[in-house]
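A.B. asks: This is start.txt (compact mmCIF, C-alpha atoms (C1' of nucleotides)).
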```
# COMPACT_ATOMS: atom_id res chain seq x y z
CA MET A 1 0.00 0.00 0.00
CA PRO A 2 2.77 2.48 0.76
CA GLU A 3 4.22 1.74 -2.67
CA LEU A 4 0.85 2.65 -4.04
CA THR A 5 0.66 6.05 -2.50
CA ASP A 6 4.25 6.64 -3.47
CA ARG A 7 3.33 6.26 -7.09
CA LEU A 8 0.89 9.10 -6.64
CA ARG A 9 3.17 11.46 -4.81
CA GLY A 10 5.59 13.49 -6.87
CA LYS A 11 3.25 14.20 -9.72
CA SER A 12 1.80 17.28 -8.12
CA ARG A 13 -0.84 14.85 -7.01
CA ARG A 14 -2.12 14.67 -3.50
CA ILE A 15 -2.75 11.68 -1.35
CA THR A 16 -6.24 12.17 -0.07
CA GLY A 17 -8.33 10.04 2.19
CA GLN A 18 -10.71 9.13 -0.58
CA ARG A 19 -7.96 8.07 -2.95
CA GLU A 20 -6.42 5.86 -0.33
CA ALA A 21 -9.82 4.40 0.41
CA ILE A 22 -10.46 3.69 -3.26
CA LEU A 23 -7.07 2.06 -3.68
CA GLY A 24 -7.78 0.03 -0.59
CA VAL A 25 -11.02 -1.24 -2.02
CA LEU A 26 -9.40 -2.16 -5.32
CA ARG A 27 -6.63 -3.97 -3.50
CA HIS A 28 -9.04 -6.18 -1.64
CA HIS A 29 -11.12 -6.96 -4.69
CA PRO A 30 -8.93 -8.25 -7.53
CA HIS A 31 -11.67 -8.09 -10.15
CA PRO A 32 -12.99 -5.40 -12.45
CA MET A 33 -15.05 -2.98 -10.38
CA SER A 34 -17.38 -0.24 -11.46
CA SER A 35 -17.44 3.15 -9.78
CA LYS A 36 -20.66 2.27 -8.03
CA GLU A 37 -19.25 -1.01 -6.76
CA VAL A 38 -16.23 0.80 -5.42
CA GLN A 39 -18.46 3.28 -3.67
CA SER A 40 -20.59 0.65 -2.01
CA ARG A 41 -17.50 -1.14 -0.72
CA LEU A 42 -16.09 2.05 0.73
CA GLY A 43 -17.75 1.30 4.04
CA GLY A 44 -17.11 4.02 6.55
CA GLU A 45 -15.41 6.37 4.13
CA ASP A 46 -18.15 8.15 2.31
CA CYS A 47 -17.16 9.50 -1.04
CA ASP A 48 -19.00 11.25 -3.80
CA LEU A 49 -19.47 9.25 -7.00
CA ALA A 50 -17.97 12.10 -9.01
CA THR A 51 -14.84 11.85 -6.91
CA ILE A 52 -14.61 8.15 -7.58
CA TYR A 53 -14.95 8.70 -11.30
CA ARG A 54 -12.29 11.39 -11.16
CA SER A 55 -9.99 9.28 -9.04
CA LEU A 56 -10.28 6.26 -11.30
CA HIS A 57 -9.50 8.41 -14.32
CA LEU A 58 -6.49 9.81 -12.56
CA LEU A 59 -5.26 6.42 -11.45
CA GLU A 60 -5.74 5.11 -14.96
CA SER A 61 -3.77 7.96 -16.49
CA ILE A 62 -0.92 7.21 -14.11
CA GLY A 63 -1.17 3.54 -14.97
CA MET A 64 -2.16 2.45 -11.51
CA VAL A 65 -5.43 0.92 -12.59
CA LYS A 66 -6.55 -0.60 -15.85
CA ARG A 67 -9.92 -0.09 -17.39
CA PHE A 68 -11.93 -3.04 -18.65
CA ASP A 69 -14.99 -3.11 -20.82
CA LEU A 70 -17.09 -6.14 -20.02
CA GLY A 71 -19.77 -5.43 -22.54
CA ASP A 72 -22.49 -3.86 -20.46
CA GLY A 73 -22.15 -0.13 -20.71
CA VAL A 74 -20.19 0.13 -17.48
CA ALA A 75 -16.52 0.94 -17.07
CA ARG A 76 -14.69 -1.30 -14.63
CA TYR A 77 -11.23 -1.01 -13.17
CA GLU A 78 -8.61 -3.28 -11.73
CA LEU A 79 -5.57 -2.38 -9.72
CA MET A 80 -2.40 -2.92 -11.72
CA GLY A 81 0.58 -4.88 -10.52
CA THR A 82 3.78 -2.86 -10.19
CA ASP A 83 5.56 -4.75 -12.90
CA ASP A 84 3.30 -6.28 -15.55
CA ASP A 85 1.34 -4.20 -18.04
CA GLY A 86 -1.93 -5.55 -16.78
CA HIS A 87 -2.88 -7.02 -20.12
CA HIS A 88 -5.14 -9.98 -19.57
CA HIS A 89 -8.65 -11.11 -20.24
CA HIS A 90 -11.77 -12.30 -18.44
CA LEU A 91 -14.33 -15.03 -18.61
CA ILE A 92 -17.67 -13.65 -17.54
CA CYS A 93 -20.78 -15.63 -16.65
CA ARG A 94 -23.69 -14.43 -18.72
CA GLN A 95 -26.03 -15.33 -15.87
CA CYS A 96 -24.48 -14.20 -12.62
CA ALA A 97 -21.69 -12.01 -13.98
CA GLU A 98 -19.03 -13.92 -12.07
CA VAL A 99 -15.62 -12.98 -13.43
CA VAL A 100 -12.60 -15.23 -13.85
CA GLU A 101 -9.22 -13.89 -14.88
CA ILE A 102 -7.82 -15.58 -17.96
CA GLU A 103 -4.12 -15.81 -18.55
CA ASP A 104 -4.32 -16.96 -22.16
CA CYS A 105 -4.07 -14.35 -24.83
CA PHE A 106 -4.61 -13.92 -28.52
CA PRO A 107 -1.63 -15.45 -30.36
CA ARG A 108 0.97 -12.75 -30.91
CA LYS A 109 2.01 -14.21 -34.24
CA LEU A 110 -1.48 -14.01 -35.58
CA GLU A 111 -1.94 -10.48 -34.32
CA GLU A 112 1.23 -9.37 -36.05
CA GLU A 113 0.03 -11.05 -39.18
CA ILE A 114 -3.26 -9.18 -39.01
CA ALA A 115 -1.46 -5.90 -38.46
CA ARG A 116 0.88 -6.48 -41.36
CA ARG A 117 -1.82 -7.61 -43.75
CA ASN A 118 -3.74 -4.41 -43.19
CA GLY A 119 -0.84 -2.03 -42.89
CA TYR A 120 -1.71 -1.18 -39.32
CA THR A 121 0.81 -0.47 -36.58
CA LYS A 122 0.67 -0.51 -32.80
CA VAL A 123 -2.04 -3.14 -32.83
CA THR A 124 -3.51 -4.39 -29.59
CA HIS A 125 -6.77 -6.09 -28.81
CA ARG A 126 -9.66 -6.20 -26.44
CA LEU A 127 -10.81 -9.74 -25.70
CA GLU A 128 -13.35 -11.07 -23.25
CA PHE A 129 -15.01 -14.45 -22.97
CA PHE A 130 -18.63 -15.07 -22.05
CA GLY A 131 -20.24 -18.29 -20.95
CA LEU A 132 -22.16 -20.06 -18.23
CA CYS A 133 -20.33 -20.67 -14.98
CA PRO A 134 -20.49 -24.00 -13.15
CA ASN A 135 -23.12 -22.67 -10.74
CA CYS A 136 -25.43 -21.21 -13.33
CA ARG A 137 -25.42 -24.11 -15.69
CA MET B 1 -33.43 -6.73 -50.59
CA PRO B 2 -36.68 -8.60 -51.18
CA GLU B 3 -35.19 -11.53 -49.29
CA LEU B 4 -34.60 -9.10 -46.46
CA THR B 5 -38.16 -7.93 -46.15
CA ASP B 6 -39.31 -11.51 -46.52
CA ARG B 7 -37.43 -12.40 -43.39
CA LEU B 8 -39.48 -9.80 -41.57
CA ARG B 9 -42.83 -10.78 -42.89
CA GLY B 10 -44.57 -13.69 -41.29
CA LYS B 11 -43.59 -12.88 -37.75
CA SER B 12 -46.55 -10.62 -37.18
CA ARG B 13 -44.10 -7.95 -38.09
CA ARG B 14 -44.79 -5.17 -40.53
CA ILE B 15 -42.69 -3.90 -43.33
CA THR B 16 -42.62 -0.19 -42.85
CA GLY B 17 -40.93 2.50 -44.85
CA GLN B 18 -38.49 3.28 -42.06
CA ARG B 19 -37.48 -0.35 -41.64
CA GLU B 20 -36.82 -0.71 -45.32
CA ALA B 21 -34.85 2.51 -45.28
CA ILE B 22 -32.77 1.34 -42.34
CA LEU B 23 -32.07 -1.99 -43.98
CA GLY B 24 -31.13 -0.12 -47.14
CA VAL B 25 -28.62 1.99 -45.28
CA LEU B 26 -27.09 -1.05 -43.60
CA ARG B 27 -26.86 -2.83 -46.92
CA HIS B 28 -24.88 -0.05 -48.50
CA HIS B 29 -22.54 0.34 -45.57
CA PRO B 30 -21.01 -3.02 -44.63
CA HIS B 31 -19.48 -1.79 -41.40
CA PRO B 32 -20.70 -1.43 -37.83
CA MET B 33 -23.05 1.56 -37.69
CA SER B 34 -24.48 3.37 -34.71
CA SER B 35 -28.10 4.47 -34.59
CA LYS B 36 -27.05 8.05 -35.18
CA GLU B 37 -24.94 7.10 -38.18
CA VAL B 38 -27.83 5.19 -39.62
CA GLN B 39 -30.07 8.18 -39.12
CA SER B 40 -27.73 10.61 -40.82
CA ARG B 41 -27.42 8.31 -43.82
CA LEU B 42 -31.16 8.02 -44.17
CA GLY B 43 -31.21 10.93 -46.57
CA GLY B 44 -34.71 11.75 -47.66
CA GLU B 45 -36.42 9.32 -45.33
CA ASP B 46 -36.62 11.06 -42.03
CA CYS B 47 -36.93 8.77 -39.10
CA ASP B 48 -37.01 9.30 -35.38
CA LEU B 49 -33.99 8.07 -33.45
CA ALA B 50 -36.23 6.08 -31.14
CA THR B 51 -37.59 4.26 -34.15
CA ILE B 52 -34.09 3.42 -35.29
CA TYR B 53 -33.21 2.06 -31.88
CA ARG B 54 -36.38 0.01 -31.83
CA SER B 55 -35.85 -1.24 -35.36
CA LEU B 56 -32.28 -2.27 -34.71
CA HIS B 57 -33.37 -4.15 -31.62
CA LEU B 58 -36.05 -5.89 -33.59
CA LEU B 59 -33.73 -6.76 -36.44
CA GLU B 60 -31.20 -8.06 -33.96
CA SER B 61 -33.76 -10.24 -32.23
CA ILE B 62 -34.69 -11.76 -35.57
CA GLY B 63 -31.04 -12.25 -36.34
CA MET B 64 -31.02 -9.91 -39.29
CA VAL B 65 -28.37 -7.63 -37.82
CA LYS B 66 -25.56 -8.27 -35.40
CA ARG B 67 -24.54 -5.94 -32.64
CA PHE B 68 -20.93 -4.98 -32.15
CA ASP B 69 -19.27 -3.25 -29.25
CA LEU B 70 -16.26 -1.32 -30.43
CA GLY B 71 -15.27 -0.06 -27.03
CA ASP B 72 -16.68 3.44 -26.98
CA GLY B 73 -20.02 3.31 -25.28
CA VAL B 74 -21.94 3.10 -28.53
CA ALA B 75 -23.82 0.11 -29.93
CA ARG B 76 -23.17 -0.56 -33.60
CA TYR B 77 -24.88 -2.93 -35.98
CA GLU B 78 -24.05 -4.77 -39.16
CA LEU B 79 -26.39 -6.46 -41.56
CA MET B 80 -26.05 -10.23 -41.36
CA GLY B 81 -25.51 -12.52 -44.30
CA THR B 82 -28.28 -15.03 -44.90
CA ASP B 83 -26.11 -18.00 -44.10
CA ASP B 84 -23.20 -17.33 -41.76
CA ASP B 85 -23.65 -16.55 -38.09
CA GLY B 86 -22.00 -13.18 -38.50
CA HIS B 87 -19.25 -13.96 -36.04
CA HIS B 88 -16.19 -11.98 -36.98
CA HIS B 89 -13.98 -9.24 -35.63
CA HIS B 90 -12.74 -5.78 -36.50
CA LEU B 91 -9.55 -3.80 -36.65
CA ILE B 92 -10.27 -0.22 -35.71
CA CYS B 93 -7.99 2.76 -36.17
CA ARG B 94 -7.51 4.54 -32.88
CA GLN B 95 -7.12 7.80 -34.75
CA CYS B 96 -9.72 7.98 -37.47
CA ALA B 97 -11.96 5.09 -36.41
CA GLU B 98 -11.65 3.38 -39.79
CA VAL B 99 -12.90 -0.18 -39.50
CA VAL B 100 -11.56 -3.26 -41.26
CA GLU B 101 -13.30 -6.60 -41.06
CA ILE B 102 -11.05 -9.37 -39.77
CA GLU B 103 -11.62 -12.95 -40.75
CA ASP B 104 -9.26 -14.49 -38.22
CA CYS B 105 -10.70 -15.66 -34.96
CA PHE B 106 -9.60 -16.77 -31.54
CA PRO B 107 -8.36 -20.36 -31.79
CA ARG B 108 -11.26 -22.70 -31.09
CA LYS B 109 -9.05 -25.23 -29.37
CA LEU B 110 -7.80 -22.66 -26.94
CA GLU B 111 -11.28 -21.39 -26.23
CA GLU B 112 -12.48 -24.89 -25.47
CA GLU B 113 -9.51 -25.34 -23.21
CA ILE B 114 -10.38 -22.16 -21.34
CA ALA B 115 -13.99 -23.23 -20.98
CA ARG B 116 -13.03 -26.67 -19.70
CA ARG B 117 -10.43 -25.40 -17.27
CA ASN B 118 -12.98 -23.15 -15.61
CA GLY B 119 -15.99 -25.40 -15.85
CA TYR B 120 -17.82 -22.97 -18.10
CA THR B 121 -20.11 -23.94 -20.95
CA LYS B 122 -21.41 -22.16 -24.01
CA VAL B 123 -18.34 -19.99 -24.16
CA THR B 124 -17.99 -17.36 -26.85
CA HIS B 125 -15.87 -14.27 -27.07
CA ARG B 126 -15.85 -10.65 -27.98
CA LEU B 127 -12.66 -9.62 -29.76
CA GLU B 128 -11.67 -6.39 -31.45
CA PHE B 129 -8.31 -5.08 -32.56
CA PHE B 130 -7.11 -1.50 -32.28
CA GLY B 131 -4.20 0.14 -34.01
CA LEU B 132 -3.09 2.90 -36.33
CA CYS B 133 -4.21 2.64 -39.93
CA PRO B 134 -1.87 3.31 -42.85
CA ASN B 135 -3.21 6.84 -43.30
CA CYS B 136 -2.96 7.88 -39.68
CA ARG B 137 0.50 6.57 -39.06
C1' DA C 1 -60.89 -0.27 -52.78
C1' DT C 2 -62.34 0.17 -47.83
C1' DC C 3 -62.31 -1.13 -42.89
C1' DG C 4 -60.78 -2.54 -38.55
C1' DT C 5 -57.38 -4.37 -35.76
C1' DT C 6 -52.95 -4.09 -34.15
C1' DA C 7 -48.18 -3.01 -34.95
C1' DT C 8 -45.47 0.99 -35.41
C1' DT C 9 -44.20 5.79 -35.19
C1' DG C 10 -42.99 10.46 -33.35
C1' DC C 11 -42.44 13.16 -29.53
C1' DA C 12 -41.23 14.16 -25.16
C1' DA C 13 -40.05 12.67 -20.84
C1' DA C 14 -37.35 9.25 -18.22
C1' DC C 15 -33.05 6.81 -17.57
C1' DG C 16 -28.43 5.33 -16.10
C1' DA C 17 -23.65 6.15 -16.58
C1' DT C 18 -20.48 9.64 -16.69
C1' DT C 19 -18.83 14.51 -16.84
C1' DT C 20 -18.47 19.25 -15.46
C1' DG C 21 -18.82 24.06 -13.18
C1' DC C 22 -18.14 26.09 -9.05
C1' DA C 23 -17.62 27.32 -4.47
C1' DA C 24 -15.98 25.24 -0.21
C1' DT C 25 -12.33 22.31 1.63
C1' DT C 26 -7.89 20.34 2.35
C1' DG C 27 -3.05 18.51 1.51
C1' DG C 28 1.66 19.57 1.93
C1' DC C 29 5.62 22.60 1.07
C1' DG C 30 7.65 26.62 3.04
C1' DC D 1 1.15 27.80 11.11
C1' DG D 2 -0.21 29.69 6.69
C1' DC D 3 -0.75 29.87 1.83
C1' DC D 4 -2.06 28.17 -2.68
C1' DA D 5 -3.01 24.87 -5.74
C1' DA D 6 -5.20 20.43 -5.91
C1' DT D 7 -9.32 18.14 -4.57
C1' DT D 8 -13.99 17.46 -3.02
C1' DG D 9 -19.12 17.57 -2.85
C1' DC D 10 -23.07 19.01 -4.87
C1' DA D 11 -26.01 19.95 -8.42
C1' DA D 12 -26.72 20.55 -13.05
C1' DA D 13 -25.42 19.08 -17.68
C1' DT D 14 -24.37 15.41 -21.28
C1' DC D 15 -24.73 11.36 -23.90
C1' DG D 16 -26.59 7.16 -25.45
C1' DT D 17 -30.60 4.67 -24.96
C1' DT D 18 -35.33 3.47 -23.39
C1' DT D 19 -40.20 4.16 -22.62
C1' DG D 20 -45.21 5.98 -22.23
C1' DC D 21 -48.69 7.48 -24.97
C1' DA D 22 -51.61 9.23 -28.39
C1' DA D 23 -51.57 9.54 -33.40
C1' DT D 24 -50.63 6.88 -37.62
C1' DA D 25 -49.93 3.31 -40.87
C1' DA D 26 -49.90 -1.96 -42.40
C1' DC D 27 -52.24 -5.47 -44.19
C1' DG D 28 -55.63 -9.40 -43.91
C1' DA D 29 -60.43 -9.51 -44.22
C1' DT D 30 -64.66 -7.66 -46.28
```
Written as C-alpha cells, that's how I'd like the structure from this file.
C.D. replies:
Amino acid sequence: MPELTDRLRGKSRRITGQREAILGVLRHHPHPMSSKEVQSRLGGEDCDLATIYRSLHLLESIGMVKRFDLGDGVARYELMGTDDDGHHHHLICRQCAEVVEIEDCFPRKLEEEIARRNGYTKVTHRLEFFGLCPNCR
Amino acid sequence: MPELTDRLRGKSRRITGQREAILGVLRHHPHPMSSKEVQSRLGGEDCDLATIYRSLHLLESIGMVKRFDLGDGVARYELMGTDDDGHHHHLICRQCAEVVEIEDCFPRKLEEEIARRNGYTKVTHRLEFFGLCPNCR
DNA sequence: ATCGTTATTGCAAACGATTTGCAATTGGCG
DNA sequence: CGCCAATTGCAAATCGTTTGCAATAACGAT
C-alpha cells in the first residue's frame, strides 16, 4: 500500500483520504469494479461518486489501474501490478456475472500477421469471454 | 433486398418505410453503424432516433443484424448474411476510427480449453483489434 | 378499394452512466 | 502555522438509450 501512495506522490498529485480508500477497495477486490461497486464497498469512508470517477481516471492515467470493458455499458477497473502491463482477459458468466481472470491471450504471431496484412501499426486487442459458470449451468 | 423484407414478414411484423430505409442503409454500408450514423445516412427518409433504436433491436432479435461493441459506449450494428452466423472481428484505427473486417478468430481449441479449465459452458468471445491505420501513421 | 385491428411511429419525458462548473475544503511545502 | 493549488461535494449538464402514450400506418379480411 505504501508503494501505491508513493506512485501518486511526486506528480503534483495529493494523497487524499478518498484516494487511499479507493485504492484500498481495489486492492481487496482483484476483479474489475465499477465506480458504483467501489463506492458501495467504501464502508465508513463516504465518497462522492464524481470523486470516484475522477480518481479512477487519474489512477488510470498514471497507470495504476486498468480499465476493462465487459460489454455492459459500465466501465470497470482493476488495480495494476507494479511490474506487468496488466494485459489480460476475463471469462464472464452471462447469468451471474461472475468474473474469472484468464491468462491466455490472442496469439501474438497471428496479431502481427493481421497488423501487417492491413498495414496497421501498434495493434492491440480487447478480448473477453462469455459463458455459463459451473453454478449457473 | 426482397429476401430481407421476406425475413421480416410472417412474424406478425410489418414492413414499414423506415425499416426498409434502415435496412437499405445497412446494406450499403457493410461496417458497424451506430443508430445516429444510420439516421444521418437516411437521406430523404426522415426517421425518429427512437424508431431506429427500436428497429435495430427488432432486427437483432430476428437475427437480421448483429450488434458490435467497439469499445466506446456506442452500440453498432451490421447487416447479417443469410447464411453465416456473422461472427467476426474488427480492426479499428484509434485515430480515425476506420474499421476493417477481420476474418481471423480466436483459436477454437484454446477457447475450449479455457472453458473446460474453468468449468464454463457455451463460451464465446468478444474480440476487437485496435491500431493505427496506414493513413494515420 | 375500404375497414378494422394491431403493430409501429414520433415526440417528449425518463433513464443510467459519466462529466463538469463552481464554491468550499484540504493537503503539503515553506 | 499559513498559503495556494489540488481536490472534493453538490447539483446541473451530457450522452446514449429506453419508454409511455396518443396519433398513424400496415395489411388481412370484407
A.B. asks: With 9 Å as the cut-off and all atoms listed in the file counted, what is the closest atom pair between each nearby residue of range 21-137 of chain B and range 107-111 of chain A? Distances in Å to one decimal, ordered by chain and number, as CSV.
C.D. replies:
```
residue,atom,partner,partner_atom,distance
B:Asp104,CA,A:Leu110,CA,8.2
B:Phe106,CA,A:Pro107,CA,8.2
B:Pro107,CA,A:Pro107,CA,8.5
B:Phe129,CA,A:Glu111,CA,8.5
```
A.B. asks: Would you mind exporting the chosen residues as an mmCIF file, keeping the file's coordinate frame, restricted to C-alpha atoms?
C.D. replies:
```cif
data_model
loop_
_atom_site.group_PDB
_atom_site.id
_atom_site.type_symbol
_atom_site.label_atom_id
_atom_site.label_comp_id
_atom_site.auth_asym_id
_atom_site.auth_seq_id
_atom_site.Cartn_x
_atom_site.Cartn_y
_atom_site.Cartn_z
ATOM 1 C CA ASP B 104 -9.260 -14.490 -38.220
ATOM 2 C CA PHE B 106 -9.600 -16.770 -31.540
ATOM 3 C CA PRO B 107 -8.360 -20.360 -31.790
ATOM 4 C CA PHE B 129 -8.310 -5.080 -32.560
#
```
A.B. asks: Specify as a list in words all residues of chain D found within 9 Å of chain B, counting only C-alpha atoms (C1' of nucleotides).
C.D. replies: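 Using only C-alpha atoms (C1' of nucleotides), chain D residues at most 9 Å from chain B: DG16, DT17, DT18, DA25, DA26 and DC27 of chain D.
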A.B. asks: Can you tell me how far CA of Ser61 in chain B sits from CA of Ile92 in chain B, in Å to one decimal?
C.D. replies: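 So the two atoms, CA of Ser61 in chain B and CA of Ile92 in chain B, lie 25.8 Å apart.
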A.B. asks: Can you give chain B as a compact mmCIF listing (two decimals) with C-alpha atoms, in the frame of the given file after you superpose it on chain A, pairing all C-alpha atoms in order for the least-squares fit?
C.D. replies:
```
# COMPACT_ATOMS: atom_id res chain seq x y z
CA MET B 1 -0.09 -0.05 0.09
CA PRO B 2 2.66 2.43 0.90
CA GLU B 3 4.17 1.67 -2.50
CA LEU B 4 0.80 2.60 -3.94
CA THR B 5 0.60 6.02 -2.39
CA ASP B 6 4.23 6.57 -3.29
CA ARG B 7 3.36 6.18 -6.92
CA LEU B 8 0.93 9.05 -6.51
CA ARG B 9 3.19 11.38 -4.67
CA GLY B 10 5.65 13.38 -6.67
CA LYS B 11 3.36 14.13 -9.55
CA SER B 12 1.93 17.22 -7.95
CA ARG B 13 -0.76 14.87 -6.88
CA ARG B 14 -2.15 14.66 -3.39
CA ILE B 15 -2.80 11.66 -1.27
CA THR B 16 -6.30 12.14 -0.03
CA GLY B 17 -8.40 9.99 2.22
CA GLN B 18 -10.79 9.10 -0.59
CA ARG B 19 -7.99 8.06 -2.93
CA GLU B 20 -6.48 5.82 -0.31
CA ALA B 21 -9.89 4.36 0.40
CA ILE B 22 -10.50 3.69 -3.28
CA LEU B 23 -7.12 2.05 -3.68
CA GLY B 24 -7.86 -0.01 -0.59
CA VAL B 25 -11.10 -1.26 -2.06
CA LEU B 26 -9.44 -2.16 -5.35
CA ARG B 27 -6.69 -3.97 -3.51
CA HIS B 28 -9.11 -6.19 -1.68
CA HIS B 29 -11.17 -6.97 -4.74
CA PRO B 30 -8.94 -8.22 -7.56
CA HIS B 31 -11.64 -8.06 -10.20
CA PRO B 32 -12.95 -5.37 -12.53
CA MET B 33 -15.03 -2.95 -10.46
CA SER B 34 -17.36 -0.20 -11.58
CA SER B 35 -17.41 3.19 -9.89
CA LYS B 36 -20.65 2.30 -8.17
CA GLU B 37 -19.27 -0.98 -6.89
CA VAL B 38 -16.26 0.80 -5.54
CA GLN B 39 -18.50 3.29 -3.81
CA SER B 40 -20.66 0.66 -2.16
CA ARG B 41 -17.59 -1.13 -0.85
CA LEU B 42 -16.19 2.03 0.65
CA GLY B 43 -17.88 1.28 3.94
CA GLY B 44 -17.26 4.01 6.45
CA GLU B 45 -15.50 6.34 4.06
CA ASP B 46 -18.22 8.12 2.21
CA CYS B 47 -17.18 9.48 -1.11
CA ASP B 48 -19.01 11.23 -3.89
CA LEU B 49 -19.44 9.27 -7.10
CA ALA B 50 -17.93 12.11 -9.08
CA THR B 51 -14.83 11.85 -6.95
CA ILE B 52 -14.60 8.14 -7.64
CA TYR B 53 -14.89 8.73 -11.36
CA ARG B 54 -12.24 11.41 -11.19
CA SER B 55 -9.96 9.28 -9.05
CA LEU B 56 -10.25 6.28 -11.32
CA HIS B 57 -9.42 8.44 -14.31
CA LEU B 58 -6.43 9.82 -12.52
CA LEU B 59 -5.22 6.42 -11.40
CA GLU B 60 -5.67 5.13 -14.92
CA SER B 61 -3.68 7.99 -16.40
CA ILE B 62 -0.84 7.22 -14.02
CA GLY B 63 -1.10 3.58 -14.91
CA MET B 64 -2.10 2.47 -11.45
CA VAL B 65 -5.38 0.94 -12.58
CA LYS B 66 -6.46 -0.56 -15.85
CA ARG B 67 -9.83 -0.06 -17.43
CA PHE B 68 -11.84 -2.99 -18.69
CA ASP B 69 -14.90 -3.05 -20.88
CA LEU B 70 -16.99 -6.09 -20.12
CA GLY B 71 -19.63 -5.37 -22.70
CA ASP B 72 -22.38 -3.78 -20.66
CA GLY B 73 -22.00 -0.06 -20.92
CA VAL B 74 -20.09 0.21 -17.67
CA ALA B 75 -16.41 1.02 -17.19
CA ARG B 76 -14.63 -1.23 -14.72
CA TYR B 77 -11.18 -0.96 -13.22
CA GLU B 78 -8.59 -3.25 -11.74
CA LEU B 79 -5.57 -2.36 -9.70
CA MET B 80 -2.38 -2.91 -11.68
CA GLY B 81 0.60 -4.89 -10.49
CA THR B 82 3.80 -2.89 -10.14
CA ASP B 83 5.56 -4.74 -12.90
CA ASP B 84 3.31 -6.26 -15.56
CA ASP B 85 1.38 -4.18 -18.05
CA GLY B 86 -1.91 -5.54 -16.79
CA HIS B 87 -2.87 -6.99 -20.14
CA HIS B 88 -5.10 -9.96 -19.57
CA HIS B 89 -8.63 -11.11 -20.24
CA HIS B 90 -11.72 -12.29 -18.41
CA LEU B 91 -14.28 -15.04 -18.54
CA ILE B 92 -17.62 -13.66 -17.45
CA CYS B 93 -20.71 -15.64 -16.55
CA ARG B 94 -23.64 -14.47 -18.61
CA GLN B 95 -25.95 -15.35 -15.76
CA CYS B 96 -24.41 -14.21 -12.52
CA ALA B 97 -21.63 -11.99 -13.88
CA GLU B 98 -18.94 -13.90 -12.00
CA VAL B 99 -15.55 -12.97 -13.39
CA VAL B 100 -12.52 -15.21 -13.81
CA GLU B 101 -9.15 -13.86 -14.85
CA ILE B 102 -7.77 -15.55 -17.95
CA GLU B 103 -4.07 -15.79 -18.55
CA ASP B 104 -4.28 -16.93 -22.16
CA CYS B 105 -4.05 -14.31 -24.84
CA PHE B 106 -4.63 -13.89 -28.53
CA PRO B 107 -1.68 -15.43 -30.38
CA ARG B 108 0.92 -12.73 -30.97
CA LYS B 109 1.94 -14.18 -34.31
CA LEU B 110 -1.58 -14.00 -35.59
CA GLU B 111 -2.03 -10.47 -34.36
CA GLU B 112 1.12 -9.37 -36.12
CA GLU B 113 -0.12 -11.08 -39.24
CA ILE B 114 -3.40 -9.20 -39.03
CA ALA B 115 -1.61 -5.90 -38.51
CA ARG B 116 0.71 -6.50 -41.45
CA ARG B 117 -2.01 -7.65 -43.80
CA ASN B 118 -3.94 -4.45 -43.24
CA GLY B 119 -1.04 -2.06 -42.97
CA TYR B 120 -1.88 -1.19 -39.39
CA THR B 121 0.65 -0.48 -36.67
CA LYS B 122 0.55 -0.50 -32.90
CA VAL B 123 -2.15 -3.12 -32.90
CA THR B 124 -3.58 -4.38 -29.64
CA HIS B 125 -6.82 -6.10 -28.83
CA ARG B 126 -9.71 -6.20 -26.47
CA LEU B 127 -10.82 -9.75 -25.69
CA GLU B 128 -13.33 -11.09 -23.21
CA PHE B 129 -14.99 -14.46 -22.91
CA PHE B 130 -18.60 -15.10 -21.96
CA GLY B 131 -20.20 -18.32 -20.85
CA LEU B 132 -22.10 -20.08 -18.10
CA CYS B 133 -20.23 -20.68 -14.87
CA PRO B 134 -20.38 -24.00 -13.02
CA ASN B 135 -22.99 -22.69 -10.58
CA CYS B 136 -25.32 -21.23 -13.17
CA ARG B 137 -25.32 -24.17 -15.50
```
A.B. asks: Using only C-alpha atoms (C1' of nucleotides), which residues sit within 12 Å of Ala115 in chain A once same-chain residues fewer than 6 positions away are excluded, as a ChimeraX atom specification?
C.D. replies: /A:108-109,121-125 /B:90-93,100,102,104,129-134
A.B. asks: Report as a PDB file with C-alpha atoms (C1' of nucleotides), keeping the file's coordinate frame the set of chain C residues whose atoms approach chain A to within 12 Å, with distances computed over all atoms listed in the file.
C.D. replies:
```
ATOM      1  C1'  DG C  16     -28.430   5.330 -16.100  1.00  0.00           C
ATOM      2  C1'  DA C  17     -23.650   6.150 -16.580  1.00  0.00           C
ATOM      3  C1'  DT C  18     -20.480   9.640 -16.690  1.00  0.00           C
ATOM      4  C1'  DT C  19     -18.830  14.510 -16.840  1.00  0.00           C
ATOM      5  C1'  DT C  20     -18.470  19.250 -15.460  1.00  0.00           C
ATOM      6  C1'  DT C  25     -12.330  22.310   1.630  1.00  0.00           C
ATOM      7  C1'  DT C  26      -7.890  20.340   2.350  1.00  0.00           C
ATOM      8  C1'  DG C  27      -3.050  18.510   1.510  1.00  0.00           C
ATOM      9  C1'  DG C  28       1.660  19.570   1.930  1.00  0.00           C
ATOM     10  C1'  DC C  29       5.620  22.600   1.070  1.00  0.00           C
TER      11       DC C  29
END
```
A.B. asks: For range 11-16 of chain B, where the input has fewer atoms than it should, I would like N, CA and C atoms rebuilt and written as a tab-separated table (two decimals), in the frame of the given file.
C.D. replies:
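Saved to out_37.tsv:
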```
chain	number	residue	atom	x	y	z
B	11	LYS	N	-43.88	-12.79	-39.18
B	11	LYS	CA	-43.59	-12.88	-37.75
B	11	LYS	C	-44.49	-11.87	-37.06
B	12	SER	N	-45.64	-11.65	-37.65
B	12	SER	CA	-46.55	-10.62	-37.18
B	12	SER	C	-45.78	-9.31	-37.06
B	13	ARG	N	-44.90	-9.16	-38.03
B	13	ARG	CA	-44.10	-7.95	-38.09
B	13	ARG	C	-44.43	-7.22	-39.37
B	14	ARG	N	-44.43	-5.92	-39.33
B	14	ARG	CA	-44.79	-5.17	-40.53
B	14	ARG	C	-43.61	-4.56	-41.23
B	15	ILE	N	-43.75	-4.50	-42.54
B	15	ILE	CA	-42.69	-3.90	-43.33
B	15	ILE	C	-43.00	-2.44	-43.54
B	16	THR	N	-42.34	-1.62	-42.78
B	16	THR	CA	-42.62	-0.19	-42.85
B	16	THR	C	-41.56	0.52	-43.67
```
